[in-house]
Amino acid sequence: MPTAEVAPGAKRVPGESQMRGNFYAESSYVQTDVLKGVTRNRAGTRMVCLTEDFLHGFRRAIQDECGPAAETVFRTCGRKWGMTFAQRFEKEMAEFYGKPVSEFMLALFQACLVELFSHNGWGKVTLDVSRHEEGLLIVTLDNAIFASMVKKADKPVDALMAGILAGFFSRLSGQELDCVQTTCKACGADASRFIIGLTPRLAPVEAWVANGKSHVEIIAQLASVRA
Amino acid sequence: MPYSNMPSRMMQLINESDNLYLSPQEQEQLLGYTRSLPKRFQAARAVEAKENDIVAAALALLRPRYPSFDSYHEHAWDKGHRDMQLVLRYTVQAMLMDDPQVAADKLLVWLRTLFMNLGLTPQFCKDTFTFLREACRKQLPAEANALLDPFLAHSIDVICDFPEPELAAV
C-alpha cells in the first residue's frame with residue numbers, strides 16, 4: 001500500500017501530512033487474485049466474504065452448544081475480534097493518512113469509522129459523541145447483520161456487535177469499556193443502538209433493557225449519575 | 001492493466017455483453033470514448049494549470065459570506081483550500097473516466113460524512129462548491145469547462161446531500 005505522501009501542488013495544512021481521499025474507496029479497497037483464490041484489501045490484509053447462510057449456521061451452532069451462555073460467548077468473541085479490528089484500523093489509517101489515529105480530528109475519525117463498517121458489510125454506523133463528557137458514546141447501526149437476519153426477537157440479537165464495539169473502543173481509548181445494546185431492529189426498533197461506557201457504569205443496563213426501559217430513558221438515567 | 005482497473009465505460013460494456021461479441025453500437029461507444037480521451041486529458045491539464053487560481057477565486061467569494069468560519073475550526077481556510085483541491089482533482093478523475101461515480105466512491109461520500117461531523121451545513125457546502133464551479137467556468141477554456149462541468153455539478157449534488165446539523169459551525 002502506498003504510504004501517505006504529499007501530493008504535488010497540494011495545500012499544506014499545519015499539523016497535517018496528508019491530502020488523500022477515502023481509504024475504503026470500493027474501486028481500490030478490495031482486490032481478488034482469482035488464480036490464487038485470495039482476496040485482500042488495499043493494505044494487504046486477507047479477507048473473506050461470509051454469507052448469511054454461514055452466519056445463520058454460526059449463530060445456531062453457538063446457541064445449540066452454549067445454550068443460555070450463547071450471548072456471553074458472542075460478546076466475548078466479539079470483544080476479541082473488535083480489539084484486533086481496531087488494531088488493524090489503527091495500522092491501516094496511520095499508514096494511509098500519515099499520522100496515528102489518536103491524532104485524527106474527530107470528524108475524520110468518524111468518517112473513516114463509517115466507511116470501515118459499511119465497506120465490511122457491518123451496516124451503516126453513526127457515532128454520537130455528544131455524551132462524551134458524561135462518559136458515554138452512543139452508536140446507531142442501520143442494517144446490523146444479525147438484526148437483519150433474525151427478523152423477529154424478544155430481546156436484542158446483536159451481542160456479537162456489542163462485543164466488537166466494546167473491544168474496538170477499548171483498544172482505541174486504552175480503557176476497559178463495555179457496550180450494551182438498547183434497541184434492535186429484530187425487536188421492532190428502527191435501528192440497533194448501543195451504549196459504550198466504563199464496565200461498572202453499564203452493569204445495570206442489560207436489566208433495564210430487559211425490563212422495557214427505552215433507549216432514551218436509559219441514557220437519561222445513566223447521565224444522571226456522575227461518571 | 002488489471003481487469004478491475006479498466007476505464008468505467010469499457011468495464012460497463014464488457015460486463016453487459018458478458019458471453020457475446022461487442023455489437024457495432026457497443027464498439028462505436030467505446031471508440032467514441034477513446035476518441036474523446038485526448039480532449040479529456042487536455043481539460044485535465046487545463047484544470048491542473050489553473051488549480052490554484054480557481055481555488056483562490058472561490059475562496060475569495062466564500063470568505064466574506066462566512067466571516068466567522070475560522071473561529072469554529074483550526075486552520076479553517078487552509079483546510080477549505082485543500083478540500084476544494086481534493087474535490088477538483090477527484091472530479092477531474094471522474095471526467096477522465098467518464099463516470100461520476102468515481103469521485104463519489106473515492107472521495108465525496110467519505111468527505112460528506114466528515115463535513116457533516118464538523119458541523120458544516122449543506123448550504124455552506126453548496127456555496128463553497130458552487131463558487132468553485134463558477135471559478136472553473138470563468139477560468140477554464142470553454143471546451144475544458146464543458147467537459148468538466150457536468151461532473152462538477154454531480155459532485156456538488158453528492159457532497160451537499162446531508163441533513164442540517166444540530167449545531168452549525170460555519
# chains A, B, ... in the order shown; residues from 1 in each chain; ligands from 1
call {"tool": "closest_atom_pairs", "arguments": {"of": "chain A", "to": "chain B", "cutoff": "6 Å", "atoms": "only C-alpha atoms", "output": "CSV"}}
result
residue,atom,partner,partner_atom,distance
A:Lys11,CA,B:Arg82,CA,5.2
A:Val13,CA,B:Asp78,CA,5.8
A:Gly21,CA,B:Leu107,CA,4.8
A:Asn22,CA,B:Leu107,CA,5.2
A:Ala25,CA,B:Lys106,CA,4.6
A:Ala107,CA,B:Leu114,CA,5.0
A:Leu108,CA,B:Leu114,CA,5.6
A:Ala111,CA,B:Leu114,CA,5.1
call {"tool": "residues_around", "arguments": {"residues": "Arg40 in chain A", "least_positions_apart": "4", "cutoff": "6 Å", "atoms": "only C-alpha atoms", "output": "PyMOL selection string"}}
result
chain A and resi 30-31+44-47
call {"tool": "write_last_selection", "arguments": {"atoms": "all heavy atoms", "output": "mmCIF file, in the first residue's frame"}}
result
data_model
loop_
_atom_site.group_PDB
_atom_site.id
_atom_site.type_symbol
_atom_site.label_atom_id
_atom_site.label_comp_id
_atom_site.auth_asym_id
_atom_site.auth_seq_id
_atom_site.Cartn_x
_atom_site.Cartn_y
_atom_site.Cartn_z
ATOM 1 N N VAL A 30 -10.814 -3.528 -2.262
ATOM 2 C CA VAL A 30 -10.699 -4.992 -2.273
ATOM 3 C C VAL A 30 -10.264 -5.471 -3.660
ATOM 4 O O VAL A 30 -10.832 -5.054 -4.658
ATOM 5 C CB VAL A 30 -12.055 -5.638 -1.902
ATOM 6 C CG1 VAL A 30 -11.951 -7.154 -1.972
ATOM 7 C CG2 VAL A 30 -12.483 -5.220 -0.511
ATOM 8 N N GLN A 31 -9.255 -6.307 -3.694
ATOM 9 C CA GLN A 31 -8.792 -6.895 -4.957
ATOM 10 C C GLN A 31 -8.720 -8.408 -4.780
ATOM 11 O O GLN A 31 -8.238 -8.886 -3.752
ATOM 12 C CB GLN A 31 -7.392 -6.377 -5.323
ATOM 13 C CG GLN A 31 -7.294 -4.874 -5.520
ATOM 14 C CD GLN A 31 -7.926 -4.394 -6.816
ATOM 15 O OE1 GLN A 31 -7.999 -5.129 -7.793
ATOM 16 N NE2 GLN A 31 -8.410 -3.156 -6.824
ATOM 17 N N GLY A 44 -3.322 -5.080 2.142
ATOM 18 C CA GLY A 44 -2.743 -6.418 2.051
ATOM 19 C C GLY A 44 -3.351 -7.414 3.019
ATOM 20 O O GLY A 44 -2.948 -8.575 3.057
ATOM 21 N N THR A 45 -4.317 -6.967 3.810
ATOM 22 C CA THR A 45 -4.957 -7.882 4.758
ATOM 23 C C THR A 45 -5.883 -8.832 3.997
ATOM 24 O O THR A 45 -6.698 -8.384 3.193
ATOM 25 C CB THR A 45 -5.801 -7.089 5.784
ATOM 26 O OG1 THR A 45 -4.943 -6.133 6.416
ATOM 27 C CG2 THR A 45 -6.423 -8.007 6.815
ATOM 28 N N ARG A 46 -5.727 -10.121 4.269
ATOM 29 C CA ARG A 46 -6.572 -11.086 3.568
ATOM 30 C C ARG A 46 -8.016 -11.016 4.097
ATOM 31 O O ARG A 46 -8.239 -10.869 5.299
ATOM 32 C CB ARG A 46 -6.021 -12.503 3.740
ATOM 33 C CG ARG A 46 -6.786 -13.477 2.880
ATOM 34 C CD ARG A 46 -6.079 -14.793 2.701
ATOM 35 N NE ARG A 46 -6.911 -15.657 1.870
ATOM 36 C CZ ARG A 46 -6.622 -16.905 1.581
ATOM 37 N NH1 ARG A 46 -5.503 -17.434 2.025
ATOM 38 N NH2 ARG A 46 -7.434 -17.631 0.825
ATOM 39 N N MET A 47 -8.967 -11.114 3.185
ATOM 40 C CA MET A 47 -10.378 -11.006 3.570
ATOM 41 C C MET A 47 -11.143 -12.187 2.989
ATOM 42 O O MET A 47 -10.705 -12.816 2.042
ATOM 43 C CB MET A 47 -10.982 -9.719 3.021
ATOM 44 C CG MET A 47 -10.247 -8.482 3.483
ATOM 45 S SD MET A 47 -10.949 -6.987 2.802
ATOM 46 C CE MET A 47 -12.353 -6.745 3.873
#
call {"tool": "closest_residue", "arguments": {"among": "B:Val47, B:Leu147, B:Cys125, B:Leu37", "to": "Glu164 in chain B", "atoms": "only C-alpha atoms"}}
result
B:Cys125
call {"tool": "residues_around", "arguments": {"residues": "Ile54 in chain B", "least_positions_apart": "6", "cutoff": "9 Å", "atoms": "only C-alpha atoms", "output": "mmCIF file with N, CA and C atoms, in the first residue's frame"}}
result
data_model
loop_
_atom_site.group_PDB
_atom_site.id
_atom_site.type_symbol
_atom_site.label_atom_id
_atom_site.label_comp_id
_atom_site.auth_asym_id
_atom_site.auth_seq_id
_atom_site.Cartn_x
_atom_site.Cartn_y
_atom_site.Cartn_z
ATOM 1 N N VAL B 47 -7.182 22.246 -16.004
ATOM 2 C CA VAL B 47 -7.573 22.391 -14.590
ATOM 3 C C VAL B 47 -6.321 22.412 -13.718
ATOM 4 N N LEU B 132 -16.692 27.310 -6.549
ATOM 5 C CA LEU B 132 -15.623 26.591 -7.260
ATOM 6 C C LEU B 132 -16.039 26.345 -8.720
ATOM 7 N N ARG B 133 -17.296 25.969 -8.890
ATOM 8 C CA ARG B 133 -17.808 25.699 -10.242
ATOM 9 C C ARG B 133 -17.792 26.980 -11.081
ATOM 10 N N GLU B 134 -18.214 28.086 -10.433
ATOM 11 C CA GLU B 134 -18.212 29.370 -11.150
ATOM 12 C C GLU B 134 -16.798 29.771 -11.552
ATOM 13 N N ALA B 135 -15.856 29.546 -10.624
ATOM 14 C CA ALA B 135 -14.459 29.891 -10.923
ATOM 15 C C ALA B 135 -13.937 29.053 -12.091
ATOM 16 N N CYS B 136 -14.336 27.805 -12.140
ATOM 17 C CA CYS B 136 -13.936 26.951 -13.279
ATOM 18 C C CYS B 136 -14.498 27.528 -14.572
ATOM 19 N N LYS B 138 -15.229 30.522 -15.287
ATOM 20 C CA LYS B 138 -14.568 31.766 -15.703
ATOM 21 C C LYS B 138 -13.125 31.540 -16.149
ATOM 22 N N GLN B 139 -12.451 30.557 -15.540
ATOM 23 C CA GLN B 139 -11.009 30.472 -15.751
ATOM 24 C C GLN B 139 -10.553 29.379 -16.721
ATOM 25 N N LEU B 140 -11.442 28.444 -17.008
ATOM 26 C CA LEU B 140 -11.024 27.364 -17.912
ATOM 27 C C LEU B 140 -11.431 27.693 -19.343
#
call {"tool": "residues_around", "arguments": {"residues": "Lys39 in chain B", "least_positions_apart": "4", "cutoff": "9 Å", "atoms": "only C-alpha atoms", "output": "PyMOL selection string"}}
result
chain B and resi 35+43-44+143-144+147
call {"tool": "closest_residue", "arguments": {"among": "A:Ala10, A:Ala220, A:Ala207, A:Leu136", "to": "Asp178 in chain A", "atoms": "only C-alpha atoms"}}
result
A:Leu136
call {"tool": "atom_distance", "arguments": {"atom1": "CA of Ala186 in chain A", "atom2": "CA of Leu222 in chain A"}}
result
24.4 Å
call {"tool": "closest_residue", "arguments": {"among": "B:Ser23, B:Ser17, B:Asn145, B:Gln123", "to": "Gln42 in chain B", "atoms": "only C-alpha atoms"}}
result
B:Asn145
call {"tool": "residues_around", "arguments": {"residues": "Ser118 in chain A", "least_positions_apart": "2", "cutoff": "12 Å", "atoms": "only C-alpha atoms", "output": "list in words"}}
result
Tyr24, Ala25, Glu26, Ala111, Cys112, Leu113, Val114, Glu115, Leu116, Asn120, Gly121, Trp122, Gly123, Lys124, Val125, Thr126, Leu141, Asp142, Asn143, Ala144 and Ile145 of chain A; Val109 and Trp110 of chain B
call {"tool": "select_by_dssp", "arguments": {"residues": "range 29-216 of chain A", "states": "strand (DSSP E or B)", "output": "VMD selection string"}}
result
chain A and resid 30 to 33 38 to 41 46 to 47 124 to 128 137 to 142 177 to 183 192 to 198
call {"tool": "write_last_selection", "arguments": {"atoms": "N, CA and C atoms", "output": "CSV table (one decimal), in the first residue's frame"}}
result
chain,number,residue,atom,x,y,z
A,30,VAL,N,-10.8,-3.5,-2.3
A,30,VAL,CA,-10.7,-5.0,-2.3
A,30,VAL,C,-10.3,-5.5,-3.7
A,31,GLN,N,-9.3,-6.3,-3.7
A,31,GLN,CA,-8.8,-6.9,-5.0
A,31,GLN,C,-8.7,-8.4,-4.8
A,32,THR,N,-9.2,-9.1,-5.8
A,32,THR,CA,-9.1,-10.6,-5.7
A,32,THR,C,-8.2,-11.1,-6.8
A,33,ASP,N,-7.2,-11.9,-6.3
A,33,ASP,CA,-6.3,-12.7,-7.3
A,33,ASP,C,-7.0,-14.0,-7.5
A,38,VAL,N,-7.4,-15.6,-3.7
A,38,VAL,CA,-7.1,-14.8,-2.5
A,38,VAL,C,-7.6,-13.4,-2.7
A,39,THR,N,-8.4,-12.9,-1.7
A,39,THR,CA,-8.9,-11.6,-1.7
A,39,THR,C,-8.2,-10.8,-0.6
A,40,ARG,N,-7.7,-9.6,-1.0
A,40,ARG,CA,-7.0,-8.8,0.0
A,40,ARG,C,-7.5,-7.4,-0.1
A,41,ASN,N,-7.5,-6.6,1.1
A,41,ASN,CA,-7.8,-5.2,1.0
A,41,ASN,C,-6.6,-4.5,0.6
A,46,ARG,N,-5.7,-10.1,4.3
A,46,ARG,CA,-6.6,-11.1,3.6
A,46,ARG,C,-8.0,-11.0,4.1
A,47,MET,N,-9.0,-11.1,3.2
A,47,MET,CA,-10.4,-11.0,3.6
A,47,MET,C,-11.1,-12.2,3.0
A,124,LYS,N,-24.6,0.5,8.5
A,124,LYS,CA,-24.3,2.0,8.4
A,124,LYS,C,-24.2,2.5,9.9
A,125,VAL,N,-23.0,2.9,10.3
A,125,VAL,CA,-22.8,3.3,11.7
A,125,VAL,C,-22.9,4.8,11.8
A,126,THR,N,-23.5,5.3,12.9
A,126,THR,CA,-23.5,6.7,13.3
A,126,THR,C,-22.9,6.8,14.7
A,127,LEU,N,-21.9,7.6,14.9
A,127,LEU,CA,-21.3,7.7,16.3
A,127,LEU,C,-21.7,9.0,16.9
A,128,ASP,N,-22.4,8.9,18.0
A,128,ASP,CA,-22.9,10.2,18.7
A,128,ASP,C,-21.9,10.4,19.9
A,137,LEU,N,-20.6,6.9,25.0
A,137,LEU,CA,-20.7,7.0,23.5
A,137,LEU,C,-21.9,6.2,23.0
A,138,ILE,N,-22.6,6.8,22.1
A,138,ILE,CA,-23.8,6.2,21.5
A,138,ILE,C,-23.5,5.8,20.1
A,139,VAL,N,-23.8,4.5,19.7
A,139,VAL,CA,-23.6,4.1,18.4
A,139,VAL,C,-25.0,3.6,17.8
A,140,THR,N,-25.3,4.1,16.7
A,140,THR,CA,-26.5,3.7,16.0
A,140,THR,C,-26.1,2.9,14.8
A,141,LEU,N,-26.7,1.7,14.6
A,141,LEU,CA,-26.3,0.9,13.4
A,141,LEU,C,-27.5,0.5,12.6
A,142,ASP,N,-27.6,1.0,11.4
A,142,ASP,CA,-28.6,0.6,10.5
A,142,ASP,C,-28.2,-0.6,9.7
A,177,LEU,N,-13.7,-0.8,28.3
A,177,LEU,CA,-15.0,-0.3,28.1
A,177,LEU,C,-16.0,-1.5,27.8
A,178,ASP,N,-17.2,-1.3,28.1
A,178,ASP,CA,-18.2,-2.3,27.8
A,178,ASP,C,-19.2,-1.7,26.8
A,179,CYS,N,-20.1,-2.5,26.3
A,179,CYS,CA,-21.1,-2.0,25.3
A,179,CYS,C,-22.4,-2.8,25.5
A,180,VAL,N,-23.5,-2.1,25.6
A,180,VAL,CA,-24.8,-2.8,25.7
A,180,VAL,C,-25.7,-2.3,24.6
A,181,GLN,N,-26.4,-3.3,24.0
A,181,GLN,CA,-27.4,-2.9,23.0
A,181,GLN,C,-28.7,-2.6,23.7
A,182,THR,N,-29.3,-1.4,23.3
A,182,THR,CA,-30.5,-1.0,23.9
A,182,THR,C,-31.7,-1.1,23.0
A,183,THR,N,-31.5,-1.0,21.7
A,183,THR,CA,-32.6,-1.2,20.7
A,183,THR,C,-32.2,-2.2,19.6
A,192,SER,N,-30.5,-0.6,15.3
A,192,SER,CA,-29.8,-1.1,16.5
A,192,SER,C,-29.0,0.0,17.2
A,193,ARG,N,-29.2,0.2,18.5
A,193,ARG,CA,-28.5,1.2,19.2
A,193,ARG,C,-27.7,0.6,20.3
A,194,PHE,N,-26.5,1.2,20.6
A,194,PHE,CA,-25.6,0.7,21.6
A,194,PHE,C,-25.1,1.8,22.4
A,195,ILE,N,-24.9,1.5,23.7
A,195,ILE,CA,-24.2,2.5,24.6
A,195,ILE,C,-22.9,1.9,25.0
A,196,ILE,N,-21.8,2.7,24.9
A,196,ILE,CA,-20.5,2.3,25.3
A,196,ILE,C,-20.0,3.2,26.5
A,197,GLY,N,-19.5,2.5,27.4
A,197,GLY,CA,-19.0,3.3,28.6
A,197,GLY,C,-18.2,2.3,29.5
A,198,LEU,N,-17.8,2.8,30.7
A,198,LEU,CA,-17.0,2.0,31.6
A,198,LEU,C,-17.9,0.9,32.1
call {"tool": "residues_around", "arguments": {"residues": "Pro165 in chain B", "least_positions_apart": "2", "cutoff": "8 Å", "atoms": "only C-alpha atoms", "output": "list in words"}}
result
Met116, Gly119, Leu120, Thr121, Pro163, Leu167 and Ala168 of chain B
call {"tool": "residues_around", "arguments": {"residues": "Pro7 in chain B", "least_positions_apart": "4", "cutoff": "9 Å", "atoms": "only C-alpha atoms", "output": "PDB file with N, CA and C atoms, in the first residue's frame"}}
result
ATOM      1  N   MET B  11     -15.441  -1.096 -18.863  1.00  0.00           N
ATOM      2  CA  MET B  11     -15.821  -2.137 -17.896  1.00  0.00           C
ATOM      3  C   MET B  11     -17.319  -2.425 -17.998  1.00  0.00           C
ATOM      4  N   GLN B  12     -18.102  -1.363 -18.078  1.00  0.00           N
ATOM      5  CA  GLN B  12     -19.553  -1.498 -18.135  1.00  0.00           C
ATOM      6  C   GLN B  12     -19.970  -2.275 -19.396  1.00  0.00           C
ATOM      7  N   LEU B  96     -12.245  12.097 -16.554  1.00  0.00           N
ATOM      8  CA  LEU B  96     -11.362  11.274 -17.389  1.00  0.00           C
ATOM      9  C   LEU B  96     -11.965   9.892 -17.638  1.00  0.00           C
ATOM     10  N   MET B  97     -12.574   9.341 -16.602  1.00  0.00           N
ATOM     11  CA  MET B  97     -13.166   8.001 -16.715  1.00  0.00           C
ATOM     12  C   MET B  97     -14.583   8.051 -17.271  1.00  0.00           C
ATOM     13  N   ASP B  98     -15.106   9.249 -17.446  1.00  0.00           N
ATOM     14  CA  ASP B  98     -16.483   9.426 -17.911  1.00  0.00           C
ATOM     15  C   ASP B  98     -17.467   8.700 -16.989  1.00  0.00           C
ATOM     16  N   ASP B  99     -17.218   8.824 -15.670  1.00  0.00           N
ATOM     17  CA  ASP B  99     -18.067   8.128 -14.699  1.00  0.00           C
ATOM     18  C   ASP B  99     -18.119   8.950 -13.402  1.00  0.00           C
TER      19      ASP B  99
END
call {"tool": "select_by_dssp", "arguments": {"residues": "chain B", "states": "alpha helix (DSSP H)", "output": "VMD selection string"}}
result
chain B and resid 8 to 17 24 to 65 69 to 72 76 to 97 101 to 103 109 to 117 122 to 139 142 to 159
call {"tool": "closest_residue", "arguments": {"among": "A:Phe169, A:Phe23, A:Trp208, A:Tyr29", "to": "Gly82 in chain A", "atoms": "only C-alpha atoms"}}
result
A:Phe169
call {"tool": "atom_distance", "arguments": {"atom1": "CA of Cys66 in chain A", "atom2": "CA of Leu160 in chain A"}}
result
14.3 Å
call {"tool": "atom_distance", "arguments": {"atom1": "CA of Val205 in chain A", "atom2": "CA of Glu217 in chain A"}}
result
10.7 Å
call {"tool": "decode", "arguments": {"residues": "range 160-173 of chain A", "atoms": "N, CA and C atoms", "output": "PDB file, in the first residue's frame"}}
result
ATOM      1  N   LEU A 160     -22.843 -10.037  19.322  1.00  0.00           N
ATOM      2  CA  LEU A 160     -21.518 -10.086  18.691  1.00  0.00           C
ATOM      3  C   LEU A 160     -21.050  -8.661  18.387  1.00  0.00           C
ATOM      4  N   MET A 161     -21.959  -7.840  17.839  1.00  0.00           N
ATOM      5  CA  MET A 161     -21.597  -6.459  17.511  1.00  0.00           C
ATOM      6  C   MET A 161     -21.329  -5.649  18.786  1.00  0.00           C
ATOM      7  N   ALA A 162     -22.118  -5.907  19.849  1.00  0.00           N
ATOM      8  CA  ALA A 162     -21.863  -5.205  21.122  1.00  0.00           C
ATOM      9  C   ALA A 162     -20.443  -5.510  21.589  1.00  0.00           C
ATOM     10  N   GLY A 163     -20.053  -6.782  21.447  1.00  0.00           N
ATOM     11  CA  GLY A 163     -18.689  -7.165  21.827  1.00  0.00           C
ATOM     12  C   GLY A 163     -17.653  -6.504  20.935  1.00  0.00           C
ATOM     13  N   ILE A 164     -17.924  -6.478  19.638  1.00  0.00           N
ATOM     14  CA  ILE A 164     -16.978  -5.847  18.695  1.00  0.00           C
ATOM     15  C   ILE A 164     -16.783  -4.370  19.054  1.00  0.00           C
ATOM     16  N   LEU A 165     -17.895  -3.684  19.319  1.00  0.00           N
ATOM     17  CA  LEU A 165     -17.795  -2.252  19.645  1.00  0.00           C
ATOM     18  C   LEU A 165     -17.047  -2.050  20.967  1.00  0.00           C
ATOM     19  N   ALA A 166     -17.318  -2.921  21.937  1.00  0.00           N
ATOM     20  CA  ALA A 166     -16.620  -2.804  23.230  1.00  0.00           C
ATOM     21  C   ALA A 166     -15.114  -2.978  23.026  1.00  0.00           C
ATOM     22  N   GLY A 167     -14.738  -4.015  22.278  1.00  0.00           N
ATOM     23  CA  GLY A 167     -13.316  -4.262  22.039  1.00  0.00           C
ATOM     24  C   GLY A 167     -12.676  -3.162  21.222  1.00  0.00           C
ATOM     25  N   PHE A 168     -13.389  -2.715  20.210  1.00  0.00           N
ATOM     26  CA  PHE A 168     -12.878  -1.683  19.298  1.00  0.00           C
ATOM     27  C   PHE A 168     -12.563  -0.399  20.069  1.00  0.00           C
ATOM     28  N   PHE A 169     -13.548   0.073  20.838  1.00  0.00           N
ATOM     29  CA  PHE A 169     -13.341   1.346  21.541  1.00  0.00           C
ATOM     30  C   PHE A 169     -12.449   1.189  22.777  1.00  0.00           C
ATOM     31  N   SER A 170     -12.395  -0.016  23.347  1.00  0.00           N
ATOM     32  CA  SER A 170     -11.447  -0.246  24.445  1.00  0.00           C
ATOM     33  C   SER A 170     -10.026  -0.085  23.929  1.00  0.00           C
ATOM     34  N   ARG A 171      -9.770  -0.697  22.787  1.00  0.00           N
ATOM     35  CA  ARG A 171      -8.429  -0.628  22.192  1.00  0.00           C
ATOM     36  C   ARG A 171      -8.066   0.831  21.851  1.00  0.00           C
ATOM     37  N   LEU A 172      -8.993   1.544  21.245  1.00  0.00           N
ATOM     38  CA  LEU A 172      -8.676   2.910  20.810  1.00  0.00           C
ATOM     39  C   LEU A 172      -8.556   3.875  21.983  1.00  0.00           C
ATOM     40  N   SER A 173      -9.343   3.638  23.041  1.00  0.00           N
ATOM     41  CA  SER A 173      -9.327   4.588  24.164  1.00  0.00           C
ATOM     42  C   SER A 173      -8.285   4.207  25.211  1.00  0.00           C
TER      43      SER A 173
END
